[in-house]
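Asks: Here it is: the structure, laid out below.
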Amino acid sequence: MAEPLAFRVVRGGLFVAASSYFNILFGFLANLVLTRILAPEDFGIFALAGFVAIAFLSYNAGRLSPGNQR
């Protein structure tokens, strides 16, 4: 017999939450490694490039587009 819908929903939600926390933890650990490897000037360039990339992706996803202003 198939699993109940509520069980599948909870299991899926836990999977999404766990993957989100894993991504945050992995990003934090990668950031710590890069701070040790890169010189301060290089890390600043890397941080600026990351900011520009996130801003570009957010704009393309429609979160920052002018049509969504209230």
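Letters A, B, ... mark the chains of the structure tokens in the order given; residue numbers begin at 1 per chain; ligand numbers begin at 1, in order shown.
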Could you pull out all residues of chain A with a DSSP call of alpha helix (DSSP H) and give them as a PyMOL selection string?
Replies: chain A and resi 5-37+40-60
Asks: Can you pull out the residues contacting Asn31 in chain A? Cut-off 12 Å, using only C-alpha atoms, and skip same-chain residues under 3 positions away; I want them as a count of residues only.
Replies: 15
Asks: How far is it from CA of Ala49 in chain A to CA of Ala30 in chain A, in Å with one decimal?
Replies: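 Result for CA of Ala49 in chain A versus CA of Ala30 in chain A: 15.3 Å, one decimal.
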Asks: Expressed in Å to a single decimal, how great is the separation between CA of Leu29 in chain A and CA of Ala53 in chain A?
Replies: 19.4 Å
